[in-house]
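Q: mmCIF, C-alpha atoms and all ligand atoms, saved as coords-v3.cif, coming up:
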```cif
data_run
loop_
_atom_site.label_atom_id
_atom_site.label_comp_id
_atom_site.auth_asym_id
_atom_site.auth_seq_id
_atom_site.Cartn_x
_atom_site.Cartn_y
_atom_site.Cartn_z
CA MET Y 15 88.88 54.51 125.06
CA THR Y 16 92.52 55.55 124.98
CA LYS Y 17 94.94 53.01 123.49
CA HIS Y 18 98.05 54.39 125.15
CA ALA Y 19 98.33 55.94 128.59
CA PRO Y 20 99.41 59.57 128.32
CA ARG Y 21 103.06 60.21 129.19
CA HIS Y 22 102.36 63.51 130.96
CA ALA Y 23 99.61 65.35 132.76
CA TYR Y 24 99.17 68.92 133.89
CA PHE Y 25 98.54 68.31 137.56
CA GLU Y 26 98.13 70.89 140.32
CA GLY Y 27 100.29 73.56 138.76
CA ARG Y 28 102.86 71.77 136.64
CA ILE Y 29 103.44 69.17 133.98
CA VAL Y 30 104.33 65.87 135.64
CA PRO Y 31 104.76 62.25 134.48
CA TYR Y 32 101.26 60.81 134.04
CA ALA Y 33 101.92 58.18 136.73
CA ASP Y 34 102.45 60.97 139.29
CA ALA Y 35 99.06 62.60 138.64
CA LYS Y 36 97.18 60.77 141.40
CA ILE Y 37 94.52 61.67 143.92
CA SER Y 38 93.47 60.04 147.17
CA VAL Y 39 90.41 57.79 147.51
CA LEU Y 40 89.11 60.25 150.09
CA THR Y 41 89.04 63.13 147.59
CA GLN Y 42 85.64 64.76 148.00
CA ALA Y 43 84.84 65.04 144.30
CA LEU Y 44 85.09 61.28 143.94
CA HIS Y 45 82.37 60.78 146.55
CA TYR Y 46 79.99 63.61 145.75
CA GLY Y 47 80.43 64.30 142.03
CA THR Y 48 81.69 67.81 142.83
CA ALA Y 49 83.94 68.18 139.83
CA CYS Y 50 83.60 69.68 136.38
CA PHE Y 51 85.39 68.94 133.17
CA GLY Y 52 85.90 69.90 129.57
CA GLY Y 53 86.50 67.97 126.38
CA LEU Y 54 88.44 69.49 123.50
CA ARG Y 55 89.75 68.09 120.27
CA GLY Y 56 93.04 68.64 118.56
CA TYR Y 57 93.11 68.06 114.80
CA TRP Y 58 96.37 67.19 113.07
CA SER Y 59 97.01 68.85 109.71
CA GLU Y 60 99.38 66.77 107.61
CA ALA Y 61 99.62 69.54 105.02
CA GLU Y 62 100.76 72.11 107.59
CA SER Y 63 102.55 69.73 109.99
CA GLU Y 64 100.57 71.38 112.75
CA LEU Y 65 98.15 70.35 115.47
CA TYR Y 66 95.14 72.66 115.80
CA LEU Y 67 93.02 72.98 118.92
CA PHE Y 68 89.37 73.65 118.12
CA ARG Y 69 87.92 76.71 119.90
CA PRO Y 70 90.01 76.37 123.07
CA GLN Y 71 89.03 79.85 124.27
CA ASP Y 72 85.35 78.92 124.15
CA HIS Y 73 85.89 75.52 125.75
CA TYR Y 74 87.77 77.09 128.64
CA LYS Y 75 85.16 79.81 129.01
CA ARG Y 76 82.58 77.08 129.59
CA PHE Y 77 85.00 75.20 131.84
CA LEU Y 78 85.44 78.28 134.04
CA ASN Y 79 81.67 78.80 134.07
CA SER Y 80 81.18 75.20 135.20
CA ALA Y 81 83.79 75.78 137.93
CA LYS Y 82 81.96 78.95 138.96
CA LEU Y 83 78.72 77.02 139.38
CA LEU Y 84 80.61 74.80 141.83
CA CYS Y 85 82.05 77.85 143.69
CA MET Y 86 85.56 76.84 142.67
CA GLU Y 87 88.59 79.11 142.87
CA LEU Y 88 91.01 77.86 140.25
CA GLY Y 89 93.10 81.05 140.20
CA LEU Y 90 93.72 80.70 136.46
CA SER Y 91 92.41 82.73 133.54
CA ARG Y 92 91.09 81.30 130.31
CA GLU Y 93 94.30 82.33 128.56
CA GLU Y 94 96.41 80.59 131.20
CA LEU Y 95 94.37 77.40 130.89
CA VAL Y 96 94.81 77.46 127.11
CA GLY Y 97 98.53 78.11 127.60
CA HIS Y 98 98.92 75.12 129.96
CA THR Y 99 97.04 72.94 127.48
CA LEU Y 100 99.32 73.96 124.62
CA ALA Y 101 102.37 73.32 126.79
CA LEU Y 102 101.05 69.87 127.72
CA LEU Y 103 100.40 68.96 124.08
CA ARG Y 104 103.92 70.05 123.17
CA ALA Y 105 105.37 67.99 126.05
CA GLU Y 106 103.29 65.02 124.91
CA GLU Y 107 104.53 65.58 121.34
CA LEU Y 108 101.16 64.67 119.90
CA ARG Y 109 101.19 64.75 116.11
CA GLU Y 110 97.82 63.16 115.38
CA ASP Y 111 94.14 63.80 116.16
CA CYS Y 112 93.72 63.93 119.91
CA TYR Y 113 91.36 64.63 122.79
CA ILE Y 114 92.06 66.90 125.75
CA ARG Y 115 90.31 66.47 129.08
CA PRO Y 116 90.63 69.22 131.72
CA LEU Y 117 89.16 68.34 135.12
CA ALA Y 118 88.62 70.59 138.14
CA TYR Y 119 87.66 68.93 141.37
CA LYS Y 120 86.96 69.51 145.05
CA ALA Y 121 90.30 68.24 146.25
CA GLU Y 122 89.83 68.26 150.01
CA GLU Y 123 90.19 64.81 151.53
CA GLY Y 124 87.62 63.55 154.02
CA ILE Y 125 83.89 63.34 154.32
CA GLY Y 126 81.41 66.23 154.31
CA VAL Y 127 79.42 67.59 151.39
CA GLN Y 128 80.40 71.19 150.73
CA LEU Y 129 81.33 73.54 147.93
CA ARG Y 130 83.00 76.40 149.77
CA GLY Y 131 86.17 76.64 151.76
CA GLY Y 132 88.12 73.61 150.58
CA ARG Y 133 90.97 73.22 148.12
CA ASP Y 134 90.21 72.88 144.40
CA GLY Y 135 92.39 70.70 142.19
CA LEU Y 136 93.06 70.87 138.48
CA ALA Y 137 94.36 68.29 136.04
CA ILE Y 138 94.59 68.17 132.25
CA VAL Y 139 95.38 65.08 130.17
CA ALA Y 140 95.62 64.57 126.42
CA PHE Y 141 95.68 61.42 124.33
CA PRO Y 142 95.37 60.28 120.71
CA PHE Y 143 91.77 60.07 119.58
CA SER Y 144 90.19 59.61 116.19
CA ARG Y 145 86.55 58.75 115.43
CA PHE Y 146 84.50 58.11 118.56
CA ILE Y 147 81.62 56.18 116.96
CA GLU Y 148 81.50 54.74 113.46
CA LYS Y 149 77.92 54.26 112.24
CA PRO Y 150 77.86 54.01 108.44
CA ASP Y 151 74.05 53.61 108.42
CA GLY Y 152 73.44 56.27 111.05
CA ALA Y 153 72.51 55.74 114.69
CA HIS Y 154 69.40 54.15 116.19
CA LEU Y 155 68.39 56.07 119.31
CA THR Y 156 65.61 55.74 121.85
CA VAL Y 157 63.80 58.33 123.92
CA SER Y 158 64.93 57.65 127.45
CA SER Y 159 62.55 56.97 130.32
CA TRP Y 160 65.00 58.90 132.52
CA THR Y 161 64.32 62.66 132.73
CA ARG Y 162 67.20 65.06 132.02
CA VAL Y 163 68.39 66.91 135.11
CA GLY Y 164 67.21 70.53 135.14
CA ASP Y 165 68.76 73.86 136.00
CA ASN Y 166 67.44 73.69 139.57
CA MET Y 167 68.70 70.14 140.07
CA ILE Y 168 72.23 69.82 138.71
CA PRO Y 169 72.66 72.59 136.13
CA PRO Y 170 73.13 70.86 132.76
CA ARG Y 171 74.48 74.01 131.09
CA GLY Y 172 77.76 73.28 132.88
CA LYS Y 173 79.80 70.13 132.41
CA ILE Y 174 79.42 68.98 135.98
CA ALA Y 175 80.66 65.50 136.85
CA GLY Y 176 77.69 64.55 139.04
CA SER Y 177 75.16 65.15 136.27
CA TYR Y 178 76.83 62.48 134.15
CA VAL Y 179 75.15 59.85 136.33
CA ASN Y 180 71.98 61.03 134.58
CA SER Y 181 73.65 60.56 131.17
CA ALA Y 182 75.12 57.21 132.19
CA LEU Y 183 71.73 55.82 133.28
CA MET Y 184 70.16 56.85 129.98
CA ARG Y 185 72.97 55.53 127.87
CA ALA Y 186 73.37 52.24 129.75
CA ASP Y 187 69.67 51.40 129.53
CA ALA Y 188 69.48 52.41 125.87
CA GLN Y 189 72.44 50.23 124.99
CA ALA Y 190 71.18 47.31 127.07
CA ALA Y 191 67.95 47.51 125.04
CA GLY Y 192 69.95 47.36 121.78
CA PHE Y 193 69.97 51.06 120.81
CA ASP Y 194 73.10 53.08 120.12
CA ASP Y 195 72.25 55.86 122.55
CA ALA Y 196 69.45 57.80 124.21
CA ILE Y 197 67.61 61.08 123.74
CA ALA Y 198 66.77 62.91 126.95
CA LEU Y 199 63.52 64.77 127.55
CA ASP Y 200 63.44 67.57 130.12
CA HIS Y 201 61.02 67.87 133.06
CA LEU Y 202 58.39 69.36 130.67
CA GLY Y 203 58.67 66.38 128.35
CA GLN Y 204 60.47 68.34 125.62
CA VAL Y 205 63.64 67.29 123.87
CA ALA Y 206 66.75 68.33 125.79
CA GLU Y 207 69.64 66.60 124.01
CA ALA Y 208 71.22 63.17 123.58
CA SER Y 209 73.05 61.55 126.50
CA VAL Y 210 76.35 63.30 125.75
CA ALA Y 211 75.63 65.38 122.65
CA ASN Y 212 73.36 68.16 121.45
CA LEU Y 213 70.64 67.50 118.90
CA PHE Y 214 69.42 69.10 115.68
CA ILE Y 215 66.39 68.27 113.54
CA LEU Y 216 65.47 69.28 109.99
CA ARG Y 217 61.73 69.78 109.44
CA ASP Y 218 60.22 71.32 106.34
CA GLY Y 219 63.50 72.93 105.31
CA ILE Y 220 64.26 74.58 108.65
CA VAL Y 221 66.87 73.32 111.09
CA ALA Y 222 65.92 73.46 114.77
CA THR Y 223 67.75 72.77 118.00
CA PRO Y 224 66.49 73.19 121.59
CA PRO Y 225 67.48 76.50 123.24
CA THR Y 226 70.24 76.51 125.88
CA THR Y 227 67.49 77.10 128.48
CA GLY Y 228 66.18 73.63 127.61
CA SER Y 229 68.21 71.48 130.04
CA ASN Y 230 71.18 70.88 127.80
CA LEU Y 231 74.88 71.60 127.77
CA GLU Y 232 75.97 74.85 126.13
CA GLY Y 233 77.73 72.83 123.46
CA ILE Y 234 80.60 74.30 121.49
CA THR Y 235 79.86 72.08 118.48
CA ARG Y 236 76.20 73.15 118.67
CA SER Y 237 77.09 76.86 118.60
CA SER Y 238 79.63 76.26 115.81
CA LEU Y 239 77.02 74.44 113.71
CA ILE Y 240 74.45 77.20 114.14
CA THR Y 241 76.96 79.65 112.69
CA VAL Y 242 78.28 77.36 109.98
CA ILE Y 243 74.91 75.99 108.74
CA GLU Y 244 73.52 79.50 108.32
CA ALA Y 245 76.67 80.92 106.72
CA GLU Y 246 77.82 78.01 104.56
CA LEU Y 247 74.67 76.05 103.78
CA ASP Y 248 72.25 78.95 103.46
CA THR Y 249 69.77 77.19 105.71
CA GLU Y 250 67.83 78.82 108.53
CA VAL Y 251 68.53 77.54 112.05
CA VAL Y 252 66.10 78.26 114.88
CA GLU Y 253 66.57 77.63 118.57
CA ARG Y 254 63.18 76.52 119.86
CA PRO Y 255 61.57 73.86 122.05
CA ILE Y 256 61.17 70.54 120.23
CA ASP Y 257 58.43 68.04 121.07
CA ARG Y 258 59.06 64.31 121.21
CA THR Y 259 56.79 63.56 118.27
CA GLU Y 260 58.66 66.08 116.12
CA LEU Y 261 61.57 63.67 116.35
CA TYR Y 262 59.48 60.94 114.77
CA LEU Y 263 58.27 63.32 112.03
CA ALA Y 264 61.60 65.01 111.27
CA ASP Y 265 63.15 64.75 107.80
CA GLU Y 266 66.65 64.46 109.27
CA ILE Y 267 68.24 64.37 112.71
CA TRP Y 268 71.83 64.47 113.86
CA ILE Y 269 73.53 64.75 117.21
CA CYS Y 270 76.77 66.62 117.73
CA GLY Y 271 79.54 67.11 120.21
CA THR Y 272 83.30 67.22 120.47
CA GLY Y 273 83.49 63.45 120.93
CA VAL Y 274 80.85 62.27 118.45
CA GLU Y 275 81.46 65.19 116.05
CA ILE Y 276 78.34 64.91 113.83
CA LEU Y 277 76.44 61.67 114.03
CA PRO Y 278 73.36 61.27 111.81
CA VAL Y 279 70.38 59.55 113.44
CA THR Y 280 68.39 57.36 111.06
CA ARG Y 281 65.99 55.61 113.46
CA ILE Y 282 64.40 56.51 116.77
CA ASP Y 283 62.42 53.92 118.72
CA HIS Y 284 62.32 51.68 115.62
CA ARG Y 285 60.77 54.46 113.54
CA PRO Y 286 62.67 55.57 110.41
CA ILE Y 287 63.70 59.24 110.37
CA GLY Y 288 62.84 60.57 106.92
CA GLU Y 289 63.78 57.77 104.53
CA GLY Y 290 65.61 55.93 107.32
CA GLN Y 291 68.94 56.77 105.71
CA ILE Y 292 71.57 59.41 106.34
CA GLY Y 293 70.05 62.58 104.89
CA PRO Y 294 71.67 64.96 102.40
CA LEU Y 295 71.82 67.90 104.81
CA ALA Y 296 73.48 65.83 107.56
CA GLU Y 297 76.08 64.72 105.00
CA ARG Y 298 76.76 68.31 103.98
CA VAL Y 299 76.95 69.48 107.58
CA ARG Y 300 79.49 66.76 108.26
CA THR Y 301 81.65 67.73 105.28
CA VAL Y 302 81.50 71.44 106.00
CA PHE Y 303 82.31 70.86 109.68
CA GLN Y 304 85.34 68.72 108.82
CA ASP Y 305 86.58 71.53 106.56
CA VAL Y 306 86.18 73.98 109.43
CA VAL Y 307 87.93 71.93 112.15
CA ARG Y 308 90.74 70.91 109.80
CA GLY Y 309 91.47 74.51 108.77
CA ARG Y 310 90.35 74.06 105.16
CA ASN Y 311 87.80 76.90 105.41
CA ALA Y 312 89.68 80.19 105.84
CA ARG Y 313 86.65 81.96 107.36
CA TYR Y 314 86.93 79.97 110.58
CA ARG Y 315 90.71 79.95 111.06
CA SER Y 316 90.28 82.12 114.17
CA TRP Y 317 88.55 79.11 115.82
CA LEU Y 318 91.80 77.13 115.58
CA ALA Y 319 94.82 77.53 117.82
CA PRO Y 320 98.08 76.04 116.50
CA VAL Y 321 99.94 74.02 119.11
CA TYR Y 322 103.49 74.06 117.76
CA ARG Y 323 103.58 77.42 115.95
CA SER Y 324 103.10 80.65 117.93
CA GLY Y 325 100.65 78.84 120.22
CA ALA Y 326 100.75 81.38 123.03
CA GLN Y 327 100.07 84.33 120.72
CA VAL Y 328 96.98 82.86 119.08
CA ALA Y 329 95.71 81.40 122.33
CA ALA Y 330 95.59 84.86 123.90
CA LYS Y 331 93.13 86.18 121.29
CA PRO Y 332 90.01 87.63 122.94
CA GLU Y 333 86.69 85.89 122.34
CA ARG Y 334 85.25 88.76 120.26
CA GLU Y 335 87.65 87.94 117.47
CA SER Y 336 86.22 84.48 117.09
CA ALA Y 337 82.88 84.09 115.32
CA ARG Y 338 79.72 84.85 117.23
CA PRO Y 339 79.09 82.25 119.93
CA ARG Y 340 75.43 81.28 120.48
N1 LIG Y 401 75.75 67.58 125.87
C1 LIG Y 401 76.42 66.85 126.76
C2 LIG Y 401 75.68 66.33 127.96
C3 LIG Y 401 77.78 66.55 126.57
O1 LIG Y 401 78.45 65.81 127.46
C4 LIG Y 401 78.43 67.05 125.42
C5 LIG Y 401 79.88 66.72 125.17
N2 LIG Y 401 80.71 67.67 125.75
C6 LIG Y 401 77.70 67.84 124.53
C7 LIG Y 401 76.36 68.09 124.78
C8 LIG Y 401 78.37 68.48 123.33
O2 LIG Y 401 79.16 69.58 123.75
P1 LIG Y 401 80.45 70.03 122.95
O3 LIG Y 401 80.03 70.27 121.56
O4 LIG Y 401 80.89 71.28 123.63
O5 LIG Y 401 81.44 68.93 123.07
#
```
Please, can you express the file's structure as structure tokens?
A:
Amino acid sequence: MTKHAPRHAYFEGRIVPYADAKISVLTQALHYGTACFGGLRGYWSEAESELYLFRPQDHYKRFLNSAKLLCMELGLSREELVGHTLALLRAEELREDCYIRPLAYKAEEGIGVQLRGGRDGLAIVAFPFSRFIEKPDGAHLTVSSWTRVGDNMIPPRGKIAGSYVNSALMRADAQAAGFDDAIALDHLGQVAEASVANLFILRDGIVATPPTTGSNLEGITRSSLITVIEAELDTEVVERPIDRTELYLADEIWICGTGVEILPVTRIDHRPIGEGQIGPLAERVRTVFQDVVRGRNARYRSWLAPVYRSGAQVAAKPERESARPR
């Protein structure tokens, strides 16, 4: 996915050459999936000669929540994590769109499944990253035969490494069968999300997305879109359970996440969604979202943290000052 290896990493307390950020094959997280991670984007503004991190405070809030679910003691606040990320990006001298991957892991070496008592490790890497998936005609998805993990299994509201086996099984089988990706149903048979993205449908003029109690990740793009669609596109958004057959009957569908951004879905299980073409609302959502993440909409500037200019000051802003998270 990354063309060039990063030159640096934040690794166990300091910025080191990327080649020095190594862990042992006996590291527990590698064996048992006991790690959690984040995924942030940095957007380069040519006009302002500045790199902007999108909602870093909210990403690190979720990261710390994921760590909490794994009983981790990272000893770092949200503000400190944002600060280390900004410092890493400056060291890396990234002046283009990029992706940032923080990873916290059970660092103890040796066998034995446990969450408490051992050492927890932390690494952050950043690398250039533009569009994740290009699908000019929209994506063709399938409803997976794998069930999404639930809150009492491996909690999907956190970004926990082990639960990505569930996503990988769905995605691998979908792609082997010729689809672009999979949609996951929860243990009740209702729509949870896509394999690594949240999902929205448009039906009869109302946008709907499954609630965060519906076996999905508390997505930052999802919460941003709820705010932005209501405020900028004057369209009602409801968080409610969605049945499988509502997918087939929807007028429009798109999936969203930091990696995929907004990806319109035009077919599911060989059935056309709406007219089987990218819908007008999905197009508008895409445009409006690009304006937001690239700083062209002044109302959402508090969601962006500049990397090179007064990074530390902006990064320390409390959550309340950013728009309402959902
Ligand atoms: N669901 C899953 C399972 C994901 O891995 C992701 C990507 N992080 C998302 C949803 C979208 O979340 P976000 O918008 O915070 O990137």
Q: Would you name the residues within 9 Å of ligand LIG 401 (chain Y), counting only C-alpha atoms and all ligand atoms, and put them as a ChimeraX atom specification?
A: /Y:51-55,72-73,76,170-173,177-178,181,207-213,230-238,269-275
Q: Nearest to Thr259 of chain Y: which of Y:Gln204, Y:Ser59, Y:Ser158, Y:Ser316 is it, counting only C-alpha atoms?
A: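 Nearest candidate to Thr259 of chain Y out of Y:Gln204, Y:Ser59, Y:Ser158, Y:Ser316: Y:Gln204.
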Q: Can you tell me, as a JSON list (two decimals) with C-alpha atoms, keeping the file's coordinate frame, what residues are no more than 8 Å from Thr249 of chain Y when counting all atoms listed in the file, ignoring any on the same chain fewer than 2 positions away?
A:
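part-v4.json written:
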```
[["chain", "number", "residue", "atom", "x", "y", "z"],
["Y", 219, "GLY", "CA", 63.50, 72.93, 105.31],
["Y", 220, "ILE", "CA", 64.26, 74.58, 108.65],
["Y", 221, "VAL", "CA", 66.87, 73.32, 111.09],
["Y", 243, "ILE", "CA", 74.91, 75.99, 108.74],
["Y", 244, "GLU", "CA", 73.52, 79.50, 108.32],
["Y", 245, "ALA", "CA", 76.67, 80.92, 106.72],
["Y", 247, "LEU", "CA", 74.67, 76.05, 103.78],
["Y", 251, "VAL", "CA", 68.53, 77.54, 112.05]]
```
Q: Specify the axis-aligned box that encloses all atoms of segment 281-293 of chain Y listed in the file after padding of 8 Å on each side, stating its centre and edge lengths in Å to one decimal as lines of an AutoDock Vina configuration file.
A:
```
center_x = 66.2
center_y = 57.1
center_z = 111.6
size_x = 26.8
size_y = 26.9
size_z = 30.2
```
Q: What's the 10 Å shell around Ser38 of chain Y, counting all atoms listed in the file, without same-chain residues fewer than 4 positions away, as an MDAnalysis selection string?
A: chainID Y and resid 42 44 121:124
Q: Which residue is closest to Leu90 of chain Y? Choose from Y:Gly176, Y:Gly152, Y:Gly27, Y:Pro278 and count all atoms listed in the file.
A: Y:Gly27
Q: Some atoms are absent from segment 237-257 of chain Y, so rebuild N, CA, C and O atoms and return them as a PDB file, in the frame of the given file.
A:
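Everything below was put into result.pdb:
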```pdb
ATOM      1  N   SER Y 237      77.019  75.444 118.976  1.00  0.00           N
ATOM      2  CA  SER Y 237      77.090  76.860 118.600  1.00  0.00           C
ATOM      3  C   SER Y 237      77.865  77.021 117.288  1.00  0.00           C
ATOM      4  O   SER Y 237      77.537  77.872 116.463  1.00  0.00           O
ATOM      5  N   SER Y 238      78.871  76.169 117.068  1.00  0.00           N
ATOM      6  CA  SER Y 238      79.630  76.260 115.810  1.00  0.00           C
ATOM      7  C   SER Y 238      78.707  75.912 114.634  1.00  0.00           C
ATOM      8  O   SER Y 238      78.743  76.571 113.598  1.00  0.00           O
ATOM      9  N   LEU Y 239      77.893  74.868 114.815  1.00  0.00           N
ATOM     10  CA  LEU Y 239      77.020  74.440 113.710  1.00  0.00           C
ATOM     11  C   LEU Y 239      75.968  75.487 113.384  1.00  0.00           C
ATOM     12  O   LEU Y 239      75.637  75.689 112.214  1.00  0.00           O
ATOM     13  N   ILE Y 240      75.446  76.153 114.410  1.00  0.00           N
ATOM     14  CA  ILE Y 240      74.450  77.200 114.140  1.00  0.00           C
ATOM     15  C   ILE Y 240      75.057  78.245 113.209  1.00  0.00           C
ATOM     16  O   ILE Y 240      74.455  78.640 112.203  1.00  0.00           O
ATOM     17  N   THR Y 241      76.271  78.656 113.529  1.00  0.00           N
ATOM     18  CA  THR Y 241      76.960  79.650 112.690  1.00  0.00           C
ATOM     19  C   THR Y 241      77.228  79.107 111.295  1.00  0.00           C
ATOM     20  O   THR Y 241      76.936  79.749 110.285  1.00  0.00           O
ATOM     21  N   VAL Y 242      77.798  77.906 111.247  1.00  0.00           N
ATOM     22  CA  VAL Y 242      78.280  77.360 109.980  1.00  0.00           C
ATOM     23  C   VAL Y 242      77.119  76.978 109.044  1.00  0.00           C
ATOM     24  O   VAL Y 242      77.176  77.226 107.838  1.00  0.00           O
ATOM     25  N   ILE Y 243      76.037  76.408 109.592  1.00  0.00           N
ATOM     26  CA  ILE Y 243      74.910  75.990 108.740  1.00  0.00           C
ATOM     27  C   ILE Y 243      74.286  77.224 108.082  1.00  0.00           C
ATOM     28  O   ILE Y 243      73.983  77.245 106.897  1.00  0.00           O
ATOM     29  N   GLU Y 244      74.123  78.293 108.888  1.00  0.00           N
ATOM     30  CA  GLU Y 244      73.520  79.500 108.320  1.00  0.00           C
ATOM     31  C   GLU Y 244      74.440  80.135 107.283  1.00  0.00           C
ATOM     32  O   GLU Y 244      73.999  80.530 106.208  1.00  0.00           O
ATOM     33  N   ALA Y 245      75.738  80.199 107.602  1.00  0.00           N
ATOM     34  CA  ALA Y 245      76.670  80.920 106.720  1.00  0.00           C
ATOM     35  C   ALA Y 245      77.056  80.104 105.488  1.00  0.00           C
ATOM     36  O   ALA Y 245      77.177  80.652 104.399  1.00  0.00           O
ATOM     37  N   GLU Y 246      77.257  78.812 105.665  1.00  0.00           N
ATOM     38  CA  GLU Y 246      77.820  78.010 104.560  1.00  0.00           C
ATOM     39  C   GLU Y 246      76.752  77.238 103.792  1.00  0.00           C
ATOM     40  O   GLU Y 246      76.956  76.890 102.640  1.00  0.00           O
ATOM     41  N   LEU Y 247      75.647  76.902 104.457  1.00  0.00           N
ATOM     42  CA  LEU Y 247      74.670  76.050 103.780  1.00  0.00           C
ATOM     43  C   LEU Y 247      73.362  76.802 103.496  1.00  0.00           C
ATOM     44  O   LEU Y 247      72.387  76.210 103.047  1.00  0.00           O
ATOM     45  N   ASP Y 248      73.385  78.104 103.810  1.00  0.00           N
ATOM     46  CA  ASP Y 248      72.250  78.950 103.460  1.00  0.00           C
ATOM     47  C   ASP Y 248      70.928  78.356 103.951  1.00  0.00           C
ATOM     48  O   ASP Y 248      69.934  78.342 103.229  1.00  0.00           O
ATOM     49  N   THR Y 249      70.960  77.830 105.153  1.00  0.00           N
ATOM     50  CA  THR Y 249      69.770  77.190 105.710  1.00  0.00           C
ATOM     51  C   THR Y 249      69.467  77.835 107.064  1.00  0.00           C
ATOM     52  O   THR Y 249      70.376  78.039 107.870  1.00  0.00           O
ATOM     53  N   GLU Y 250      68.215  78.156 107.280  1.00  0.00           N
ATOM     54  CA  GLU Y 250      67.830  78.820 108.530  1.00  0.00           C
ATOM     55  C   GLU Y 250      67.922  77.850 109.714  1.00  0.00           C
ATOM     56  O   GLU Y 250      67.519  76.684 109.603  1.00  0.00           O
ATOM     57  N   VAL Y 251      68.474  78.346 110.823  1.00  0.00           N
ATOM     58  CA  VAL Y 251      68.530  77.540 112.050  1.00  0.00           C
ATOM     59  C   VAL Y 251      67.768  78.294 113.132  1.00  0.00           C
ATOM     60  O   VAL Y 251      68.017  79.479 113.358  1.00  0.00           O
ATOM     61  N   VAL Y 252      66.815  77.616 113.775  1.00  0.00           N
ATOM     62  CA  VAL Y 252      66.100  78.260 114.880  1.00  0.00           C
ATOM     63  C   VAL Y 252      66.344  77.482 116.170  1.00  0.00           C
ATOM     64  O   VAL Y 252      66.463  76.255 116.152  1.00  0.00           O
ATOM     65  N   GLU Y 253      66.451  78.244 117.251  1.00  0.00           N
ATOM     66  CA  GLU Y 253      66.570  77.630 118.570  1.00  0.00           C
ATOM     67  C   GLU Y 253      65.178  77.698 119.190  1.00  0.00           C
ATOM     68  O   GLU Y 253      64.672  78.784 119.463  1.00  0.00           O
ATOM     69  N   ARG Y 254      64.560  76.547 119.352  1.00  0.00           N
ATOM     70  CA  ARG Y 254      63.180  76.520 119.860  1.00  0.00           C
ATOM     71  C   ARG Y 254      62.916  75.180 120.543  1.00  0.00           C
ATOM     72  O   ARG Y 254      63.613  74.192 120.275  1.00  0.00           O
ATOM     73  N   PRO Y 255      61.903  75.146 121.434  1.00  0.00           N
ATOM     74  CA  PRO Y 255      61.570  73.860 122.050  1.00  0.00           C
ATOM     75  C   PRO Y 255      61.156  72.856 120.983  1.00  0.00           C
ATOM     76  O   PRO Y 255      60.516  73.222 119.992  1.00  0.00           O
ATOM     77  N   ILE Y 256      61.519  71.605 121.180  1.00  0.00           N
ATOM     78  CA  ILE Y 256      61.170  70.540 120.230  1.00  0.00           C
ATOM     79  C   ILE Y 256      60.396  69.461 120.996  1.00  0.00           C
ATOM     80  O   ILE Y 256      60.839  68.987 122.053  1.00  0.00           O
ATOM     81  N   ASP Y 257      59.221  69.097 120.454  1.00  0.00           N
ATOM     82  CA  ASP Y 257      58.430  68.040 121.070  1.00  0.00           C
ATOM     83  C   ASP Y 257      58.961  66.664 120.676  1.00  0.00           C
ATOM     84  O   ASP Y 257      59.553  66.509 119.606  1.00  0.00           O
TER      85      ASP Y 257
END
```
